[in-house]
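J.: Sharing entry.txt here; it has compact mmCIF, C-alpha atoms.
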```
# COMPACT_ATOMS: atom_id res chain seq x y z
CA MET A 1122 -6.84 0.65 30.71
CA ASN A 1123 -6.22 4.31 31.45
CA PHE A 1124 -3.31 5.59 29.37
CA SER A 1125 -3.83 9.25 30.30
CA ILE A 1126 -2.01 8.98 33.65
CA PRO A 1127 1.75 9.68 33.27
CA GLY A 1128 3.98 6.81 34.35
CA VAL A 1129 1.42 4.06 33.89
CA PRO A 1130 1.42 1.45 32.63
CA ALA A 1131 4.96 0.61 33.69
CA ILE A 1132 7.25 -2.27 32.79
CA ALA A 1133 6.71 -5.09 35.29
CA ALA A 1134 8.81 -7.80 33.63
CA VAL A 1135 11.44 -8.11 30.91
CA ILE A 1136 12.01 -11.42 29.12
CA PRO A 1137 15.35 -11.41 27.27
CA GLY A 1138 15.76 -12.73 23.75
CA LYS A 1139 18.59 -13.24 21.29
CA SER A 1140 17.00 -12.27 17.96
CA PRO A 1141 14.31 -9.78 16.93
CA THR A 1142 10.79 -10.97 17.65
CA THR A 1143 8.57 -11.56 14.62
CA CYS A 1144 5.24 -12.35 16.30
CA ILE A 1145 3.60 -12.38 19.74
CA ARG A 1146 0.20 -13.78 20.69
CA TYR A 1147 -1.75 -13.99 23.96
CA HIS A 1148 -3.76 -17.07 24.82
CA GLU A 1149 -7.49 -16.28 25.17
CA GLU A 1150 -7.30 -16.71 28.97
CA GLY A 1151 -4.60 -14.04 29.19
CA LYS A 1152 -2.25 -16.11 31.36
CA THR A 1153 0.20 -17.11 28.62
CA LEU A 1154 2.09 -15.18 25.95
CA TYR A 1155 3.78 -16.84 22.97
CA VAL A 1156 6.83 -15.07 21.50
CA ALA A 1157 8.19 -16.20 18.12
CA SER A 1158 11.62 -15.29 16.77
CA GLU A 1159 12.52 -16.20 13.20
CA GLY A 1160 16.20 -15.38 13.58
CA ASP A 1161 16.92 -18.22 15.99
CA ALA A 1162 13.88 -20.39 15.12
CA GLN A 1163 12.55 -20.47 18.67
CA LEU A 1164 9.34 -19.96 20.61
CA GLN A 1165 9.30 -18.52 24.11
CA VAL A 1166 6.33 -19.27 26.37
CA VAL A 1167 5.83 -16.56 28.98
CA ASN A 1168 3.73 -16.83 32.15
CA CYS A 1169 1.91 -13.48 32.20
CA LEU A 1170 1.09 -13.73 35.91
CA SER A 1171 4.64 -14.33 37.12
CA GLY A 1172 6.38 -12.46 34.29
CA LYS A 1173 8.78 -15.35 33.74
CA GLU A 1174 9.55 -17.60 30.84
CA GLU A 1175 8.19 -21.12 31.18
CA ASN A 1176 11.12 -23.54 31.03
CA LEU A 1177 13.54 -23.18 28.10
CA ALA A 1178 12.62 -21.74 24.72
CA LEU A 1179 11.46 -24.37 22.21
CA ARG A 1180 13.27 -24.62 18.88
CA VAL A 1181 11.95 -25.58 15.44
CA ASP A 1182 15.07 -25.57 13.25
CA ARG A 1183 13.55 -27.73 10.53
CA GLU A 1184 10.24 -25.93 10.06
CA GLN A 1185 11.46 -22.47 11.16
CA ILE A 1186 9.00 -20.00 12.72
CA HIS A 1187 7.96 -16.44 11.98
CA GLU A 1188 4.21 -16.54 12.74
CA VAL A 1189 2.47 -18.07 15.77
CA GLU A 1190 -1.18 -18.25 16.83
CA ALA A 1191 -2.72 -19.45 20.08
CA THR A 1192 -5.35 -22.17 20.00
CA HIS A 1193 -8.00 -22.87 22.63
CA HIS A 1194 -5.65 -25.29 24.37
CA GLU A 1195 -2.97 -23.47 26.34
CA ASN A 1196 -0.32 -26.06 25.51
CA CYS A 1197 -0.93 -26.12 21.76
CA VAL A 1198 -0.16 -23.48 19.12
CA LEU A 1199 -0.21 -23.08 15.36
CA PHE A 1200 2.91 -21.78 13.68
CA ALA A 1201 4.38 -21.16 10.23
CA GLY A 1202 7.91 -20.56 8.98
CA LYS A 1203 9.94 -20.35 5.81
CA GLY A 1204 10.93 -24.00 6.16
CA SER A 1205 14.25 -25.66 5.59
CA THR A 1206 15.43 -26.17 2.00
CA MET A 1207 15.69 -29.86 2.89
CA ILE A 1208 11.87 -29.96 2.97
CA PRO A 1209 10.19 -30.49 -0.46
CA SER A 1210 9.01 -27.15 -1.88
CA GLY A 1211 5.36 -28.24 -1.90
CA GLN A 1212 5.50 -28.91 1.85
CA ARG A 1213 7.82 -26.10 2.91
CA HIS A 1214 5.05 -23.64 3.69
CA ALA A 1215 2.86 -25.92 5.79
CA VAL A 1216 1.22 -24.67 8.99
CA SER A 1217 2.08 -26.87 11.98
CA TYR A 1218 -0.10 -27.75 14.97
CA TRP A 1219 2.37 -28.01 17.85
CA SER A 1220 1.95 -29.58 21.28
CA LEU A 1221 4.21 -27.64 23.64
CA HIS A 1222 3.66 -30.11 26.49
CA ASP A 1223 5.64 -32.91 24.81
CA ASN A 1224 7.22 -30.85 21.99
CA LYS A 1225 5.53 -32.77 19.17
CA ILE A 1226 4.00 -31.72 15.86
CA LEU A 1227 0.47 -33.11 15.99
CA ARG A 1228 -0.59 -32.25 12.45
CA LYS A 1229 0.59 -30.35 9.39
CA PHE A 1230 -1.71 -28.33 7.19
CA ARG A 1231 -0.32 -28.32 3.63
CA GLY A 1232 -1.54 -26.39 0.63
CA HIS A 1233 0.11 -22.97 0.53
CA GLN A 1234 2.83 -22.55 -2.08
CA ASP A 1235 4.54 -19.52 -0.55
CA LYS A 1236 5.13 -17.83 2.80
CA VAL A 1237 2.19 -17.83 5.22
CA ASN A 1238 1.96 -14.26 6.50
CA HIS A 1239 -0.86 -14.60 9.04
CA ILE A 1240 -2.82 -17.19 11.05
CA SER A 1241 -6.12 -16.36 12.75
CA MET A 1242 -7.87 -18.78 15.13
CA SER A 1243 -11.64 -18.66 15.43
CA PRO A 1244 -12.70 -17.71 18.98
CA CYS A 1245 -15.71 -20.02 18.91
CA ASP A 1246 -14.54 -23.33 17.39
CA ASP A 1247 -11.56 -25.22 15.97
CA THR A 1248 -11.46 -23.51 12.58
CA PHE A 1249 -8.69 -21.11 11.61
CA LEU A 1250 -7.69 -18.92 8.68
CA THR A 1251 -4.33 -18.65 6.96
CA SER A 1252 -3.26 -16.07 4.38
CA SER A 1253 -0.23 -16.35 2.16
CA VAL A 1254 2.00 -14.55 -0.30
CA ASP A 1255 0.72 -17.14 -2.82
CA ARG A 1256 -2.40 -14.89 -3.03
CA THR A 1257 -4.77 -17.30 -1.30
CA VAL A 1258 -6.70 -17.42 1.95
CA ARG A 1259 -7.52 -20.86 3.32
CA LEU A 1260 -9.94 -22.08 5.98
CA TRP A 1261 -8.97 -25.13 8.06
CA ASN A 1262 -10.10 -27.20 11.02
CA LEU A 1263 -7.68 -28.45 13.66
CA GLN A 1264 -9.31 -31.88 13.55
CA GLN A 1265 -8.55 -32.59 9.88
CA ALA A 1266 -5.45 -32.15 7.75
CA GLY A 1267 -7.19 -31.08 4.55
CA GLY A 1268 -8.48 -27.56 3.98
CA ILE A 1269 -12.17 -26.67 4.22
CA ALA A 1270 -12.20 -23.80 1.75
CA GLU A 1271 -9.87 -21.70 -0.38
CA LEU A 1272 -10.20 -18.12 -1.58
CA LYS A 1273 -8.02 -17.10 -4.54
CA LEU A 1274 -7.40 -13.41 -5.04
CA PRO A 1275 -8.62 -11.98 -8.37
CA SER A 1276 -6.37 -10.11 -10.81
CA GLU A 1277 -7.64 -6.77 -9.44
CA THR A 1278 -5.41 -7.30 -6.39
CA ALA A 1279 -1.66 -7.37 -5.83
CA LYS A 1280 0.71 -9.20 -3.49
CA GLY A 1281 -0.48 -11.31 -0.57
CA PRO A 1282 -3.76 -10.84 1.35
CA LEU A 1283 -4.40 -10.83 5.10
CA ALA A 1284 -7.37 -12.48 6.83
CA CYS A 1285 -8.67 -12.47 10.40
CA PHE A 1286 -11.70 -13.39 12.50
CA ASP A 1287 -13.55 -10.90 14.66
CA ALA A 1288 -13.93 -11.45 18.42
CA THR A 1289 -17.16 -13.47 18.00
CA GLY A 1290 -15.87 -15.80 15.29
CA LEU A 1291 -19.00 -15.10 13.26
CA VAL A 1292 -17.33 -12.73 10.80
CA PHE A 1293 -13.95 -12.69 9.13
CA ALA A 1294 -12.25 -10.02 7.04
CA VAL A 1295 -9.94 -10.33 4.03
CA GLY A 1296 -7.82 -7.36 2.99
CA ALA A 1297 -5.57 -6.89 -0.05
CA LEU A 1298 -3.74 -4.22 -2.02
CA THR A 1299 -5.27 -3.18 -5.35
CA ALA A 1300 -3.41 -4.01 -8.56
CA ASP A 1301 -2.48 -0.35 -9.20
CA LEU A 1302 -0.91 -0.21 -5.70
CA LYS A 1303 -3.00 2.87 -4.87
CA GLY A 1304 -5.81 1.41 -2.77
CA HIS A 1305 -7.08 -1.54 -0.78
CA TYR A 1306 -10.00 -3.93 -0.73
CA VAL A 1307 -11.49 -5.11 2.56
CA HIS A 1308 -14.24 -7.74 2.32
CA LEU A 1309 -16.30 -9.13 5.19
CA TYR A 1310 -17.65 -12.70 5.20
CA ASP A 1311 -20.16 -14.60 7.29
CA ALA A 1312 -18.12 -17.45 8.78
CA ARG A 1313 -21.22 -19.70 8.69
CA ASN A 1314 -22.03 -18.92 5.05
CA TYR A 1315 -18.77 -17.90 3.41
CA GLY A 1316 -19.73 -19.74 0.22
CA ALA A 1317 -22.25 -16.99 -0.53
CA GLY A 1318 -19.41 -14.50 -0.93
CA ALA A 1319 -18.69 -11.30 0.95
CA PHE A 1320 -21.67 -9.56 2.56
CA ALA A 1321 -19.78 -6.25 2.66
CA GLU A 1322 -17.13 -4.95 0.25
CA PHE A 1323 -15.08 -1.84 1.00
CA LYS A 1324 -12.62 -0.16 -1.34
CA LEU A 1325 -10.17 2.39 0.03
CA GLN A 1326 -8.40 4.73 -2.37
CA GLN A 1327 -5.29 6.75 -1.59
CA GLN A 1328 -7.31 9.95 -1.94
CA ASP A 1329 -9.59 8.68 0.85
CA VAL A 1330 -6.56 8.37 3.13
CA GLU A 1331 -5.34 11.86 2.15
CA GLN A 1332 -8.76 13.39 2.82
CA ALA A 1333 -9.02 11.63 6.20
CA MET A 1334 -5.55 12.87 7.17
CA GLN A 1335 -6.44 16.43 6.17
CA ALA A 1336 -9.72 16.30 8.11
CA GLN A 1337 -7.91 14.98 11.17
CA THR A 1338 -4.86 17.27 11.13
CA GLY A 1339 -6.03 20.23 9.06
CA VAL A 1340 -2.95 19.86 6.86
CA ALA A 1341 -3.12 18.58 3.29
CA SER A 1342 -0.66 15.83 2.40
CA SER A 1343 1.13 15.75 -0.93
CA SER A 1344 -0.57 13.35 -3.32
CA GLY A 1345 1.24 10.07 -3.85
CA SER A 1346 3.72 10.56 -1.02
CA SER A 1347 4.66 7.62 1.19
CA GLY A 1348 3.23 9.59 4.11
CA SER A 1349 -0.24 9.29 2.59
CA SER A 1350 0.17 5.79 1.14
CA LEU A 1351 -0.63 2.71 3.20
CA GLY A 1352 1.22 0.39 0.81
CA GLU A 1353 1.22 -3.36 1.31
CA LEU A 1354 -0.81 -4.57 4.29
CA HIS A 1355 1.16 -5.90 7.25
CA SER A 1356 -1.62 -6.10 9.84
CA LEU A 1357 -5.40 -6.52 9.88
CA SER A 1358 -7.54 -6.90 13.02
CA PHE A 1359 -10.90 -6.13 14.61
CA ASN A 1360 -11.37 -4.40 17.94
CA THR A 1361 -13.13 -6.36 20.70
CA SER A 1362 -16.63 -5.11 19.85
CA GLY A 1363 -16.17 -5.51 16.08
CA SER A 1364 -17.08 -1.89 15.49
CA GLN A 1365 -13.64 -0.95 14.14
CA ILE A 1366 -11.03 -2.53 11.87
CA LEU A 1367 -7.31 -1.79 12.00
CA LEU A 1368 -5.14 -1.75 8.87
CA GLY A 1369 -1.37 -1.39 9.22
CA GLY A 1370 0.71 -0.63 6.14
CA GLU A 1371 4.30 -0.96 5.02
CA HIS A 1372 5.00 2.77 5.37
CA GLY A 1373 4.08 2.93 9.06
CA GLN A 1374 0.53 4.25 8.84
CA THR A 1375 -2.34 2.72 10.78
CA LEU A 1376 -5.90 3.22 9.54
CA VAL A 1377 -8.97 2.70 11.70
CA LEU A 1378 -12.11 1.87 9.71
CA ASP A 1379 -15.74 1.80 10.72
CA GLY A 1380 -16.42 -1.93 11.06
CA PHE A 1381 -19.88 -1.64 9.49
CA GLU A 1382 -19.52 1.00 6.77
CA GLY A 1383 -15.82 0.71 5.93
CA THR A 1384 -15.20 4.46 6.10
CA ILE A 1385 -11.90 5.78 7.45
CA GLN A 1386 -12.38 7.09 10.98
CA LYS A 1387 -8.80 7.87 11.95
CA VAL A 1388 -5.29 7.81 10.48
CA PHE A 1389 -2.36 7.40 12.87
CA SER A 1390 1.25 7.99 11.90
CA PRO A 1391 4.20 9.07 14.07
CA ALA A 1392 5.64 12.51 13.33
CA ASN A 1393 9.26 13.07 12.25
CA ARG A 1394 9.98 9.52 11.18
CA THR A 1395 13.66 8.67 10.75
CA SER A 1396 13.07 5.71 8.43
CA ASP A 1397 10.40 4.12 6.30
CA GLY A 1398 8.83 0.76 7.11
CA PHE A 1399 6.02 -1.00 8.93
CA LEU A 1400 5.25 -0.03 12.54
CA ALA A 1401 3.49 -2.47 14.87
CA SER A 1402 0.09 -1.44 16.23
CA CYS A 1403 -2.96 -2.88 17.98
CA PHE A 1404 -6.20 -1.96 19.72
CA SER A 1405 -6.31 -2.00 23.50
CA SER A 1406 -8.69 -4.64 24.84
CA ASP A 1407 -11.17 -2.00 26.06
CA ASP A 1408 -11.42 -0.45 22.56
CA LYS A 1409 -10.45 3.01 23.80
CA THR A 1410 -6.80 3.27 22.75
CA LEU A 1411 -4.64 2.45 19.79
CA LEU A 1412 -1.05 1.44 20.54
CA GLN A 1413 1.55 2.13 17.84
CA ALA A 1414 5.33 1.74 17.76
CA ASN A 1415 7.62 4.55 16.68
CA ASP A 1416 11.17 4.50 15.27
CA ALA A 1417 12.85 5.27 18.61
CA GLY A 1418 11.66 2.26 20.60
CA GLY A 1419 8.63 4.00 22.08
CA ILE A 1420 4.94 3.07 22.04
CA LEU A 1421 2.49 5.82 21.13
CA CYS A 1422 -0.85 5.68 22.96
CA TRP A 1423 -3.56 7.30 20.84
CA ASP A 1424 -7.07 8.14 22.03
CA LEU A 1425 -9.37 6.47 19.50
CA GLU A 1426 -12.29 8.82 20.02
CA HIS A 1427 -10.44 12.11 19.60
CA GLY A 1428 -7.30 11.02 17.78
CA SER A 1429 -5.04 12.72 20.33
CA LEU A 1430 -1.76 11.38 21.66
CA LEU A 1431 -2.15 10.46 25.34
CA GLN A 1432 1.46 9.55 26.06
CA THR A 1433 4.51 7.68 24.77
CA LEU A 1434 5.71 4.62 26.64
CA GLU A 1435 9.51 4.39 26.80
CA GLY A 1436 11.57 1.36 27.66
CA HIS A 1437 12.80 -0.41 24.53
CA SER A 1438 16.29 0.22 23.15
CA SER A 1439 15.22 -0.34 19.52
CA ARG A 1440 12.08 -0.27 17.39
CA VAL A 1441 9.26 -2.39 18.78
CA ASN A 1442 8.36 -5.16 16.31
CA CYS A 1443 5.22 -6.49 18.01
CA ILE A 1444 2.55 -5.12 20.37
CA SER A 1445 -0.42 -6.95 21.88
CA SER A 1446 -3.07 -6.24 24.51
CA ASN A 1447 -3.99 -8.90 27.06
CA PRO A 1448 -7.61 -10.03 26.49
CA ARG A 1449 -8.34 -10.65 30.20
CA TYR A 1450 -5.97 -8.59 32.35
CA SER A 1451 -4.81 -4.96 32.44
CA GLN A 1452 -1.58 -5.76 30.70
CA ILE A 1453 0.09 -5.14 27.36
CA ALA A 1454 3.09 -6.85 25.81
CA SER A 1455 5.68 -5.37 23.47
CA SER A 1456 8.79 -6.86 21.96
CA CYS A 1457 11.89 -5.89 20.01
CA THR A 1458 14.55 -8.42 20.93
CA GLN A 1459 13.45 -8.33 24.55
CA THR A 1460 9.80 -8.73 25.52
CA CYS A 1461 8.26 -6.34 28.04
CA LEU A 1462 5.08 -6.86 30.07
CA TRP A 1463 3.45 -3.57 31.10
CA LEU A 1464 1.07 -3.28 34.08
CA TRP A 1465 -1.08 -0.63 35.72
```
Go ahead and render the structure in this file as structure tokens.
T.:
Amino acid sequence: MNFSIPGVPAIAAVIPGKSPTTCIRYHEEGKTLYVASEGDAQLQVVNCLSGKEENLALRVDREQIHEVEATHHENCVLFAGKGSTMIPSGQRHAVSYWSLHDNKILRKFRGHQDKVNHISMSPCDDTFLTSSVDRTVRLWNLQQAGGIAELKLPSETAKGPLACFDATGLVFAVGALTADLKGHYVHLYDARNYGAGAFAEFKLQQQDVEQAMQAQTGVASSSGSSGSSLGELHSLSFNTSGSQILLGGEHGQTLVLDGFEGTIQKVFSPANRTSDGFLASCFSSDDKTLLQANDAGGILCWDLEHGSLLQTLEGHSSRVNCISSNPRYSQIASSCTQTCLWLW
């Protein structure tokens, strides 16, 4: 994936939508993309080889949908939504296992008491993680309705956590905002021995972010400003090799951490922002580039080694809500209301 050549990648297909996209996920084989839209409670299934939507979009008016995750089966996904008020409050925030082939809910995973903000499928088996605004992280298995394990956040943390597996499925990370709102915890767990607790615990303070920004740009940021504050976590992910961890915050910053030591390697933030708020970002599948949305509908392509801006991809009419890199093919996907597939 060479982003240094002007004009490539280019948009190869555009899949129209009616409401802003809230989540996109590639299947592990790279041939299918799932596009979730909370506004109209629908899921689009896109064929990444033809660039066309498969049949009509599927609707889930009762459960709603804002988060989707691919499973190992191409015709089955996990999803979560705010749920209809007609559903009992204790069941409203269930995660659903959905067969797209016959449009049936195969199983519901109940336990969370508030909005589920992320779902992460293990790459090596049928277990998956969910994190919620109810301040818990839960581990599940597709083959059973009850949870396997639950992690409750201590009082030293604030708001909801995020959790994700690495590319091997052997390690998962849990990140959360500190109670004073001025730092973050990131803990790493052995997926085969999570009961023993975290094997690595990282704590990031705001001054660490400010120092990393100054070292990278040569310009000191004002202490306590939103430009140097990550705020509440909106994204957490590993790169393909597991050597780096991405943290995306509510003020639009993206931090890249050393996956082994937890130190801040790079801080990415668009210049001359016109508004505050979270900006979508992701690693490229070859671990060389970080892709980050800006306020104008562009996608910034940052060189991860040097921290330099390679180019800005233009094509969206409004801010990009979701970005993802295809795990198998030289393709990326981005979505505002419309979803674009980019090819080299």
J.: Would you mind telling me which residue in A:Ser1396, A:Thr1289, A:Thr1375, A:Thr1257 lies nearest to Cys1245 of chain A when using all atoms listed in the file?
T.: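 Counting all atoms listed in the file, the residue closest to Cys1245 of chain A is A:Thr1289.
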J.: Rounded to one decimal place, report the atom CA of Ser1445 of chain A-atom CA of Ser1406 of chain A distance in Å.
T.: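 It comes out at 9.1 Å.
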J.: When you count only C-alpha atoms, which of these residues is closest to Gly1419 of chain A: A:Gln1185, A:Asn1442, A:Ala1288, A:Gly1316?
T.: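 Among the listed residues, A:Asn1442 lies closest to Gly1419 of chain A.
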J.: Applying 12 Å and all atoms listed in the file, which residues near Leu1378 of chain A remain after dropping the ones on its own chain fewer than 3 positions away? List them as JSON, numbers by chain.
T.: {"A": [1307, 1323, 1324, 1325, 1329, 1330, 1333, 1357, 1358, 1359, 1360, 1363, 1364, 1365, 1366, 1367, 1368, 1369, 1375, 1381, 1382, 1383, 1384, 1385, 1386, 1387, 1388, 1389, 1425]}
J.: Between atom CA of Gly1138 of chain A and atom CA of Arg1394 of chain A, measure the distance and give it in Å to one decimal.
T.: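 Going from atom CA of Gly1138 of chain A over to atom CA of Arg1394 of chain A, I get 26.2 Å.
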J.: Compile the contact shell of Ser1252 of chain A as a list in words: residues with an atom at most 9 Å away, counting all atoms listed in the file, same-chain residues fewer than 2 positions apart removed.
T.: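 Residues near the query, excluding close chain neighbours: His1233, Lys1236, Val1237, Asn1238, His1239, Ile1240, Ser1241, Leu1250, Val1254, Asp1255, Arg1256, Thr1257, Val1258, Arg1259, Gly1281, Pro1282, Leu1283, Ala1284, Cys1285 and Val1295 of chain A.
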J.: Excluding same-chain residues fewer than 2 positions from segment 1143-1151 of chain A, what lies within 10 Å of it counting all atoms listed in the file, as JSON, numbers by chain?
T.: {"A": [1140, 1141, 1153, 1154, 1155, 1156, 1157, 1158, 1159, 1160, 1164, 1165, 1166, 1167, 1168, 1169, 1170, 1186, 1187, 1188, 1189, 1190, 1191, 1192, 1193, 1194, 1195, 1196, 1197, 1198, 1239, 1244, 1442, 1443, 1444, 1445, 1446, 1447, 1448, 1449, 1450, 1451, 1452, 1453, 1454, 1455, 1456, 1457, 1458, 1460]}
J.: Could you give me, as a PyMOL selection string, the residues within 10 Å of Asn1123 of chain A, counting only C-alpha atoms and dropping anything in the same chain fewer than 6 positions from it?
T.: chain A and resi 1129-1130+1407+1409-1410+1431+1451+1465
J.: Report, in Å with one decimal, the straight-line distance from atom CA of Asp1182 of chain A to atom CA of Gly1232 of chain A.
T.: 20.9 Å
J.: Give me the residues near segment 1317-1319 of chain A as a CSV table (one decimal) with C-alpha atoms, keeping the file's coordinate frame, where near means some atom within 12 Å (using only C-alpha atoms) and where sequence neighbours in that chain fewer than 3 positions away do not count.
T.:
```
chain,number,residue,atom,x,y,z
A,1271,GLU,CA,-9.9,-21.7,-0.4
A,1272,LEU,CA,-10.2,-18.1,-1.6
A,1292,VAL,CA,-17.3,-12.7,10.8
A,1293,PHE,CA,-14.0,-12.7,9.1
A,1294,ALA,CA,-12.2,-10.0,7.0
A,1295,VAL,CA,-9.9,-10.3,4.0
A,1296,GLY,CA,-7.8,-7.4,3.0
A,1306,TYR,CA,-10.0,-3.9,-0.7
A,1307,VAL,CA,-11.5,-5.1,2.6
A,1308,HIS,CA,-14.2,-7.7,2.3
A,1309,LEU,CA,-16.3,-9.1,5.2
A,1310,TYR,CA,-17.6,-12.7,5.2
A,1311,ASP,CA,-20.2,-14.6,7.3
A,1312,ALA,CA,-18.1,-17.4,8.8
A,1313,ARG,CA,-21.2,-19.7,8.7
A,1314,ASN,CA,-22.0,-18.9,5.0
A,1322,GLU,CA,-17.1,-5.0,0.2
A,1323,PHE,CA,-15.1,-1.8,1.0
```
J.: Which of these, A:Thr1433, A:Pro1137, A:Ser1217, A:Lys1225, has the shortest distance to Leu1179 of chain A once you count all atoms listed in the file?
T.: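 The shortest atom-to-atom distance to Leu1179 of chain A comes from A:Lys1225.
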